[in-house]
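Undergrad: Enclosed is the structure file structure_27.txt (compact mmCIF, C-alpha atoms).
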```txt
# COMPACT_ATOMS: atom_id res chain seq x y z
CA MET W 1 111.45 21.21 -111.71
CA LYS W 2 110.90 24.48 -109.93
CA LYS W 3 109.51 27.37 -111.83
CA TYR W 4 109.25 30.92 -110.61
CA LEU W 5 106.63 33.43 -111.59
CA VAL W 6 107.01 37.12 -111.00
CA LEU W 7 103.65 38.10 -109.54
CA THR W 8 102.57 41.70 -109.54
CA LEU W 9 99.72 42.34 -107.12
CA PHE W 10 97.36 45.11 -108.09
CA ILE W 11 95.23 46.21 -105.17
CA ILE W 12 91.96 46.55 -107.05
CA ALA W 13 89.63 44.40 -105.02
CA LEU W 14 89.07 47.18 -102.50
CA VAL W 15 90.08 50.45 -104.13
CA GLY W 16 90.45 49.78 -107.82
CA CYS W 17 86.87 50.72 -108.56
CA GLN W 18 87.49 54.19 -107.18
CA GLN W 19 90.85 54.78 -108.88
CA LYS W 20 91.20 55.32 -112.59
CA ASN W 21 94.91 54.57 -112.43
CA PRO W 22 95.60 51.76 -109.93
CA ARG W 23 99.08 51.81 -108.39
CA ILE W 24 101.38 48.85 -107.96
CA ILE W 25 101.59 48.43 -104.19
CA SER W 26 104.06 45.56 -104.00
CA GLN W 27 105.61 42.71 -105.92
CA ASP W 28 107.46 39.57 -104.96
CA PHE W 29 108.74 36.20 -106.16
CA VAL W 30 106.48 33.29 -105.28
CA SER W 31 107.55 29.70 -105.74
CA VAL W 32 105.08 27.52 -107.64
CA ILE W 33 105.89 23.80 -107.40
CA GLY W 34 103.63 21.31 -109.16
CA ASP W 35 100.64 20.14 -107.16
CA ASN W 36 101.62 22.26 -104.16
CA PHE W 37 100.26 25.37 -105.87
CA SER W 38 97.15 25.38 -103.67
CA ASP W 39 99.38 25.72 -100.58
CA SER W 40 101.62 28.40 -102.05
CA SER W 41 102.37 31.82 -100.69
CA MET W 42 100.22 33.35 -103.39
CA ILE W 43 97.05 31.92 -101.85
CA LYS W 44 97.98 33.46 -98.50
CA LEU W 45 98.79 36.73 -100.22
CA ILE W 46 95.40 37.16 -101.89
CA GLU W 47 93.27 35.62 -99.13
CA PRO W 48 92.54 38.92 -97.27
CA TYR W 49 91.29 40.51 -100.48
CA ARG W 50 89.18 37.48 -101.37
CA ILE W 51 87.56 37.66 -97.94
CA GLN W 52 86.81 41.37 -98.38
CA MET W 53 85.42 40.79 -101.87
CA ASP W 54 83.17 38.02 -100.57
CA SER W 55 81.96 40.40 -97.87
CA ASP W 56 81.16 43.12 -100.42
CA MET W 57 79.29 40.68 -102.66
CA ASN W 58 77.15 39.43 -99.75
CA VAL W 59 75.68 42.88 -98.97
CA VAL W 60 71.87 42.63 -99.14
CA ILE W 61 70.35 45.46 -101.20
CA GLY W 62 66.72 44.37 -101.45
CA THR W 63 64.20 41.54 -101.61
CA SER W 64 62.67 39.69 -104.54
CA ALA W 65 59.05 38.72 -104.02
CA GLN W 66 59.40 35.83 -106.49
CA LEU W 67 61.76 33.83 -108.63
CA MET W 68 62.78 35.93 -111.64
CA SER W 69 63.89 34.04 -114.74
CA LYS W 70 64.34 35.13 -118.33
CA GLY W 71 61.99 33.82 -120.98
CA LEU W 72 60.48 34.28 -124.44
CA PRO W 73 58.61 36.24 -125.55
CA GLU W 74 58.60 37.75 -122.05
CA GLY W 75 60.00 36.77 -118.67
CA LEU W 76 60.06 38.25 -115.19
CA LEU W 77 63.81 38.83 -115.34
CA ASN W 78 63.45 40.46 -118.78
CA ARG W 79 60.78 42.70 -117.30
CA PHE W 80 62.80 43.73 -114.25
CA VAL W 81 65.92 44.58 -116.26
CA ALA W 82 64.14 46.50 -119.02
CA ASP W 83 61.88 48.41 -116.60
CA ALA W 84 64.89 49.39 -114.48
CA MET W 85 66.71 50.62 -117.59
CA LEU W 86 63.71 52.65 -118.75
CA ALA W 87 63.29 54.21 -115.30
CA TYR W 88 66.95 55.13 -115.23
CA GLY W 89 66.78 56.76 -118.67
CA ASN W 90 63.70 58.78 -117.74
CA LYS W 91 65.59 60.36 -114.85
CA PHE W 92 67.59 62.30 -117.44
CA LYS W 93 65.51 62.56 -120.61
CA PRO W 94 62.15 61.28 -121.85
CA THR W 95 62.95 57.74 -122.97
CA ASP W 96 60.77 55.74 -125.34
CA ILE W 97 62.32 52.28 -125.35
CA ALA W 98 64.65 50.17 -123.22
CA ILE W 99 66.28 47.06 -124.63
CA SER W 100 68.86 44.60 -123.35
CA ASN W 101 69.52 41.10 -124.64
CA LEU W 102 68.66 37.79 -123.04
CA GLY W 103 72.11 36.42 -123.85
CA GLY W 104 73.59 38.95 -121.44
CA LEU W 105 71.40 37.83 -118.54
CA ARG W 106 73.33 34.91 -117.10
CA ASN W 107 71.51 33.92 -113.93
CA ASP W 108 68.09 33.88 -112.26
CA ILE W 109 67.25 36.02 -109.24
CA GLN W 110 65.84 33.81 -106.51
CA GLU W 111 62.94 34.69 -104.25
CA GLY W 112 64.20 36.31 -101.06
CA PRO W 113 67.11 38.62 -100.24
CA ILE W 114 69.01 40.09 -103.20
CA THR W 115 72.74 40.68 -102.78
CA VAL W 116 75.25 42.63 -104.83
CA GLY W 117 76.71 39.28 -105.82
CA ASP W 118 73.35 38.14 -107.17
CA ILE W 119 73.30 41.07 -109.61
CA MET W 120 76.91 40.38 -110.58
CA LEU W 121 75.83 36.85 -111.51
CA VAL W 122 72.95 38.17 -113.59
CA MET W 123 75.09 40.72 -115.41
CA PRO W 124 78.80 39.81 -115.16
CA PHE W 125 79.81 41.95 -118.15
CA ASP W 126 81.00 45.56 -118.13
CA ASN W 127 78.22 46.69 -120.45
CA ALA W 128 77.60 50.42 -120.11
CA LEU W 129 74.31 52.21 -120.72
CA VAL W 130 73.90 54.59 -123.65
CA PHE W 131 71.14 56.66 -125.22
CA LEU W 132 70.55 56.11 -128.92
CA GLU W 133 68.38 58.12 -131.27
CA LEU W 134 66.74 55.94 -133.89
CA SER W 135 64.34 56.78 -136.71
CA GLY W 136 60.86 55.29 -136.65
CA GLU W 137 61.75 53.27 -139.73
CA ASP W 138 64.75 51.74 -137.95
CA VAL W 139 62.63 51.10 -134.84
CA GLU W 140 60.25 49.15 -137.07
CA ASP W 141 63.20 47.09 -138.31
CA LEU W 142 64.32 46.66 -134.70
CA CYS W 143 60.90 45.26 -133.80
CA ASP W 144 61.18 42.78 -136.67
CA ALA W 145 64.61 41.77 -135.35
CA ILE W 146 63.12 41.23 -131.89
CA ALA W 147 60.31 39.19 -133.44
CA LYS W 148 62.80 36.95 -135.24
CA LYS W 149 64.44 36.26 -131.87
CA GLY W 150 61.07 35.43 -130.35
CA GLY W 151 61.29 38.34 -127.91
CA ASP W 152 63.93 39.98 -125.71
CA ALA W 153 64.37 42.16 -122.62
CA VAL W 154 62.28 45.12 -123.77
CA ALA W 155 60.23 47.92 -122.26
CA GLY W 156 58.23 50.63 -124.05
CA ILE W 157 57.37 48.40 -127.03
CA SER W 158 54.21 46.38 -127.44
CA MET W 159 53.69 44.17 -130.48
CA LYS W 160 52.42 40.87 -131.82
CA ILE W 161 54.81 38.31 -133.31
CA ASP W 162 53.34 36.64 -136.37
CA ASP W 163 55.55 34.40 -138.53
CA ASP W 164 58.70 36.01 -137.09
CA GLU W 165 57.47 39.50 -137.99
CA ALA W 166 56.32 42.34 -135.75
CA GLU W 167 52.74 43.52 -136.14
CA ASP W 168 50.55 46.07 -134.33
CA VAL W 169 53.67 47.81 -133.02
CA ARG W 170 53.13 50.50 -130.43
CA ILE W 171 55.69 52.66 -128.69
CA GLN W 172 54.64 53.91 -125.26
CA GLY W 173 51.09 52.90 -126.17
CA LYS W 174 50.99 54.88 -129.42
CA PRO W 175 51.22 53.53 -132.99
CA LEU W 176 54.75 53.52 -134.37
CA ASP W 177 55.50 56.71 -136.30
CA GLU W 178 58.08 56.11 -139.05
CA ASP W 179 58.84 59.84 -139.23
CA LYS W 180 59.59 60.24 -135.53
CA ILE W 181 62.99 60.04 -133.83
CA TYR W 182 62.83 57.74 -130.81
CA ARG W 183 65.16 57.74 -127.81
CA ILE W 184 66.36 54.28 -126.75
CA ILE W 185 68.34 53.27 -123.69
CA THR W 186 70.47 50.20 -124.30
CA THR W 187 74.05 49.02 -123.81
CA ASP W 188 77.18 50.03 -125.64
CA TYR W 189 77.50 46.37 -126.67
CA LEU W 190 74.15 46.40 -128.46
CA SER W 191 74.82 49.79 -130.04
CA PHE W 192 77.06 47.93 -132.49
CA GLY W 193 74.08 45.81 -133.60
CA ASN W 194 75.28 42.75 -131.73
CA ASP W 195 73.11 39.72 -130.88
CA HIS W 196 71.08 40.03 -134.12
CA LEU W 197 69.85 43.53 -133.24
CA ASP W 198 71.46 45.11 -136.30
CA PRO W 199 69.08 48.12 -136.58
CA LEU W 200 70.47 49.55 -133.33
CA ALA W 201 73.73 50.29 -135.15
CA ASN W 202 71.86 52.71 -137.44
CA PHE W 203 71.52 55.28 -134.67
CA LYS W 204 71.50 58.97 -135.58
CA ALA W 205 73.11 59.96 -132.27
CA ILE W 206 74.65 58.22 -129.28
CA GLU W 207 75.18 59.51 -125.73
CA PRO W 208 77.03 57.55 -123.03
CA LEU W 209 75.43 57.56 -119.58
CA ASN W 210 78.64 56.67 -117.74
CA ILE W 211 77.17 53.82 -115.72
CA LEU W 212 77.30 50.05 -116.12
CA LEU W 213 74.01 48.25 -116.58
CA ARG W 214 74.56 46.14 -113.46
CA ASP W 215 75.19 49.29 -111.39
CA ALA W 216 71.93 50.77 -112.68
CA LEU W 217 70.15 47.56 -111.63
CA ILE W 218 71.70 47.75 -108.16
CA LEU W 219 70.65 51.40 -107.90
CA ASP W 220 67.08 50.55 -108.92
CA ILE W 221 66.84 47.82 -106.28
CA LYS W 222 68.21 50.15 -103.60
CA ASN W 223 65.74 52.87 -104.57
CA GLN W 224 62.78 50.49 -104.47
CA THR W 225 63.96 49.11 -101.14
CA ALA W 226 64.27 52.63 -99.71
CA ALA W 227 60.67 53.24 -100.81
CA GLY W 228 59.57 50.14 -98.89
CA ARG W 229 58.96 47.98 -101.96
CA SER W 230 60.15 44.50 -102.79
CA ILE W 231 61.12 43.69 -106.38
CA LYS W 232 58.01 42.27 -108.04
CA PRO W 233 57.80 42.70 -111.82
CA THR W 234 54.73 41.46 -113.64
CA LEU W 235 54.29 40.06 -117.13
CA LYS W 236 52.35 42.59 -119.19
CA ASN W 237 51.87 40.49 -122.32
CA GLU W 238 53.20 43.42 -124.33
CA ILE W 239 55.09 41.09 -126.67
CA TYR W 240 53.05 38.05 -127.58
CA VAL W 241 53.00 35.40 -130.26
CA GLU W 242 50.07 35.02 -132.61
CA LYS W 243 48.40 31.65 -132.06
```
How does this structure look as structure tokens?
TA:
Amino acid sequence: MKKYLVLTLFIIALVGCQQKNPRIISQDFVSVIGDNFSDSSMIKLIEPYRIQMDSDMNVVIGTSAQLMSKGLPEGLLNRFVADAMLAYGNKFKPTDIAISNLGGLRNDIQEGPITVGDIMLVMPFDNALVFLELSGEDVEDLCDAIAKKGGDAVAGISMKIDDDEAEDVRIQGKPLDEDKIYRIITTDYLSFGNDHLDPLANFKAIEPLNILLRDALILDIKNQTAAGRSIKPTLKNEIYVEK
């Protein structure tokens, strides 16, 4: 039995990212008949845009000197992401801490050329960067939350994990000050206290940075490439487990 779907084609693959209000360019009736769907007119209709999207995703933006994977309590991918976030925050204001979450990092970065598509695979979500202001007391609770998770994608914090608690906590190399207000760069997703990072939701102020995390990562890679550097994070043993 034939069924007809009214298909509205939004031209977003090429220009949608630049337009806040995409326009409907065209619409048409396309017949969809059982197993013949793969040969339908719709496939032919979207094929040029798929080809262009593939081309955009294959643009090489830099080189990784090594395989980067996430890990606990630290990992090379954790390190790259958090360091890039911290560097981005410091372009605007002195930033004490950067934190993302391992659950949001969905793919390794292989040794060799890095493409835009590679970063999309690492961070496929539209998580935007924000500044948060957090009291020293809440930062201490945040460190305990990180300890309970066994680590995370963090920069600016050094600490020992002992029985799922944070000890010897230092922020930017200095002992944690419970009376100080710290500036944290993180994602809007985590600002709600998601992924067991509840203390982040206790922020005293929030400021959107109007950029997605993945776009900040792409920008960091491009900047390092322009400076003649490959991407080569190192494990600093800043978060370690008591043995």
Undergrad: What lies within 8 Å of Thr95 of chain W using only C-alpha atoms, ignoring chain neighbours under 2 positions off, as a list in words?
TA: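 Skipping anything fewer than 2 positions along the chain leaves Leu86, Gly89, Asn90, Lys93, Ile97, Ala98, Tyr182, Arg183, Ile184 and Ile185 of chain W.
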Undergrad: Excluding Leu142 of chain W and residues on its chain fewer than 6 positions from it, collect all residues at most 7 Å away from it, counting all atoms listed in the file, and give them as a PyMOL selection string.
TA: chain W and resi 197+199-200
Undergrad: Atom CA of Ile181 of chain W and atom CA of Asp162 of chain W, how far apart in Å?
TA: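 Taking atom CA of Asp162 of chain W as the start and atom CA of Ile181 of chain W as the end point, the length is 25.4 Å.
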Undergrad: Given the point (66.7, 43.3, -120.3) in the file's coordinates, find the residues that have an atom at most 6 Å from it, counting all atoms listed in the file, and give them as a ChimeraX atom specification.
TA: /W:78,81-82,99-101,153-154
Undergrad: Nearest to Ser69 of chain W among W:Glu178, W:Pro233, W:Val139, W:Arg170, with distances taken over all atoms listed in the file: which residue is it?
TA: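 Among the listed residues, W:Pro233 lies closest to Ser69 of chain W.
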Undergrad: With only C-alpha atoms as the atoms that count, which of W:Tyr189, W:Phe203, W:Phe80, W:Tyr240 lies nearest to Ala128 of chain W?
TA: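 Of W:Tyr189, W:Phe203, W:Phe80, W:Tyr240, the one nearest Ala128 of chain W, counting only C-alpha atoms, is W:Tyr189.
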Undergrad: Given the choices W:Ala147, W:Ile218, W:Leu235, W:Leu134, which gets closest to Asp118 of chain W if the distance is worked out from only C-alpha atoms?
TA: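 Nearest candidate to Asp118 of chain W out of W:Ala147, W:Ile218, W:Leu235, W:Leu134: W:Ile218.
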Undergrad: I'd like the interatomic distance between atom CA of Glu74 of chain W and atom CA of Ile231 of chain W, to a tenth of an Å.
TA: 16.9 Å
Undergrad: Could you give me, as a list in words, the residues within 6 Å of Leu105 of chain W, counting only C-alpha atoms and dropping anything in the same chain fewer than 2 positions from it?
TA: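 The residues satisfying every condition are Leu102, Gly103, Val122 and Met123 of chain W.
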Undergrad: In Å, how far is it from atom CA of Tyr88 of chain W to atom CA of Asp168 of chain W?
TA: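 A separation of 26.8 Å between them.
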Undergrad: Lys160 of chain W: which residues within 12 Å, counting all atoms listed in the file, same-chain residues fewer than 6 positions away excluded, as a ChimeraX atom specification?
TA: /W:73-74,143-144,146-148,150-151,166-170,237-243
Undergrad: Leaving out Val116 of chain W and any residue of its chain fewer than 6 positions from it, which residues lie within 12 Å of it when counting all atoms listed in the file, given as a list in words?
TA: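 Listing them by chain and then by number gives Met53, Asp54, Ser55, Asp56, Met57, Asn58, Val59, Val60, Ile61, Gly62, Thr63, Ile109, Val122, Met123, Pro124, Arg214, Asp215, Ala216, Leu217, Ile218, Leu219, Ile221 and Lys222 of chain W.
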Undergrad: Quick one: of W:Met159, W:Leu129, W:Leu209, W:Leu77, who's nearest to Lys174 of chain W, counting all atoms listed in the file?
TA: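 Among the listed residues, the smallest separation from Lys174 of chain W belongs to W:Met159.
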Undergrad: Go through W:Ser64, W:Ser191, W:Gln224, W:Asp152 and flag the residue nearest Ile119 of chain W, using only C-alpha atoms for the distances.
TA: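 Answer, going by the shortest atom-to-atom distance: W:Ser64.
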Undergrad: Which is closest to Lys232 of chain W among W:Phe92, W:Asp126, W:Gly112, W:Gly104, if we use only C-alpha atoms?
TA: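 Looking only at the distances to Lys232 of chain W, the closest residue turns out to be W:Gly112.
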Undergrad: Could you check which residues have any atom within 8 Å of (68.1, 31.3, -112.3), counting only C-alpha atoms with coordinates taken straight from the file, and then list them as a list of chain:residue names?
TA: W:Leu67, W:Met68, W:Ser69, W:Arg106, W:Asn107, W:Asp108, W:Ile109, W:Gln110
Undergrad: Working from the structure I just supplied, which lacks atoms in segment 170-202 of chain W, can you model N, CA and C atoms there and output them as a short mmCIF file (atom, residue, chain, number, x, y, z; two decimals), in the coordinates of the input?
TA:
```cif
data_model
loop_
_atom_site.label_atom_id
_atom_site.label_comp_id
_atom_site.auth_asym_id
_atom_site.auth_seq_id
_atom_site.Cartn_x
_atom_site.Cartn_y
_atom_site.Cartn_z
N ARG W 170 53.41 49.25 -131.14
CA ARG W 170 53.13 50.50 -130.43
C ARG W 170 54.34 50.87 -129.57
N ILE W 171 54.61 52.15 -129.52
CA ILE W 171 55.69 52.66 -128.69
C ILE W 171 55.06 53.56 -127.62
N GLN W 172 55.27 53.20 -126.37
CA GLN W 172 54.64 53.91 -125.26
C GLN W 172 53.12 54.03 -125.48
N GLY W 173 52.54 52.96 -126.01
CA GLY W 173 51.09 52.90 -126.17
C GLY W 173 50.55 53.57 -127.42
N LYS W 174 51.43 54.19 -128.21
CA LYS W 174 50.99 54.88 -129.42
C LYS W 174 51.51 54.16 -130.66
N PRO W 175 50.75 54.19 -131.76
CA PRO W 175 51.22 53.53 -132.99
C PRO W 175 52.59 54.04 -133.42
N LEU W 176 53.42 53.15 -133.90
CA LEU W 176 54.75 53.52 -134.37
C LEU W 176 54.65 54.58 -135.47
N ASP W 177 55.45 55.63 -135.32
CA ASP W 177 55.50 56.71 -136.30
C ASP W 177 56.85 56.64 -137.02
N GLU W 178 56.83 56.28 -138.30
CA GLU W 178 58.08 56.11 -139.05
C GLU W 178 58.85 57.41 -139.20
N ASP W 179 58.18 58.54 -139.06
CA ASP W 179 58.84 59.84 -139.23
C ASP W 179 59.39 60.42 -137.92
N LYS W 180 59.15 59.74 -136.83
CA LYS W 180 59.59 60.24 -135.53
C LYS W 180 60.98 59.72 -135.19
N ILE W 181 61.71 60.49 -134.39
CA ILE W 181 62.99 60.04 -133.83
C ILE W 181 62.72 59.57 -132.40
N TYR W 182 63.08 58.33 -132.12
CA TYR W 182 62.83 57.74 -130.81
C TYR W 182 64.12 57.67 -130.01
N ARG W 183 63.99 57.87 -128.70
CA ARG W 183 65.16 57.74 -127.81
C ARG W 183 65.12 56.36 -127.16
N ILE W 184 66.24 55.65 -127.26
CA ILE W 184 66.36 54.28 -126.75
C ILE W 184 67.49 54.22 -125.74
N ILE W 185 67.25 53.56 -124.62
CA ILE W 185 68.34 53.27 -123.69
C ILE W 185 68.70 51.80 -123.86
N THR W 186 69.98 51.56 -124.08
CA THR W 186 70.47 50.20 -124.30
C THR W 186 71.92 50.15 -123.82
N THR W 187 72.65 49.14 -124.23
CA THR W 187 74.05 49.02 -123.81
C THR W 187 74.98 49.36 -124.97
N ASP W 188 76.19 49.75 -124.61
CA ASP W 188 77.18 50.03 -125.64
C ASP W 188 77.42 48.79 -126.51
N TYR W 189 77.33 47.61 -125.92
CA TYR W 189 77.50 46.37 -126.67
C TYR W 189 76.46 46.24 -127.78
N LEU W 190 75.21 46.53 -127.46
CA LEU W 190 74.15 46.40 -128.46
C LEU W 190 74.14 47.54 -129.45
N SER W 191 74.78 48.66 -129.10
CA SER W 191 74.82 49.79 -130.04
C SER W 191 75.59 49.46 -131.31
N PHE W 192 76.35 48.39 -131.29
CA PHE W 192 77.06 47.93 -132.49
C PHE W 192 76.20 46.97 -133.32
N GLY W 193 74.96 46.73 -132.88
CA GLY W 193 74.08 45.81 -133.60
C GLY W 193 74.32 44.36 -133.25
N ASN W 194 74.98 44.12 -132.12
CA ASN W 194 75.28 42.75 -131.73
C ASN W 194 74.02 41.97 -131.34
N ASP W 195 74.17 40.65 -131.26
CA ASP W 195 73.11 39.72 -130.88
C ASP W 195 71.88 39.87 -131.79
N HIS W 196 72.14 40.01 -133.10
CA HIS W 196 71.08 40.03 -134.12
C HIS W 196 70.16 41.24 -134.01
N LEU W 197 70.62 42.29 -133.33
CA LEU W 197 69.85 43.53 -133.24
C LEU W 197 70.52 44.61 -134.11
N ASP W 198 70.74 44.26 -135.36
CA ASP W 198 71.46 45.11 -136.30
C ASP W 198 70.92 46.54 -136.41
N PRO W 199 69.59 46.75 -136.40
CA PRO W 199 69.08 48.12 -136.58
C PRO W 199 69.58 49.11 -135.53
N LEU W 200 69.97 48.63 -134.36
CA LEU W 200 70.47 49.55 -133.33
C LEU W 200 71.72 50.29 -133.79
N ALA W 201 72.49 49.67 -134.67
CA ALA W 201 73.73 50.29 -135.15
C ALA W 201 73.45 51.43 -136.13
N ASN W 202 72.21 51.63 -136.51
CA ASN W 202 71.86 52.71 -137.44
C ASN W 202 71.49 54.00 -136.71
#
```
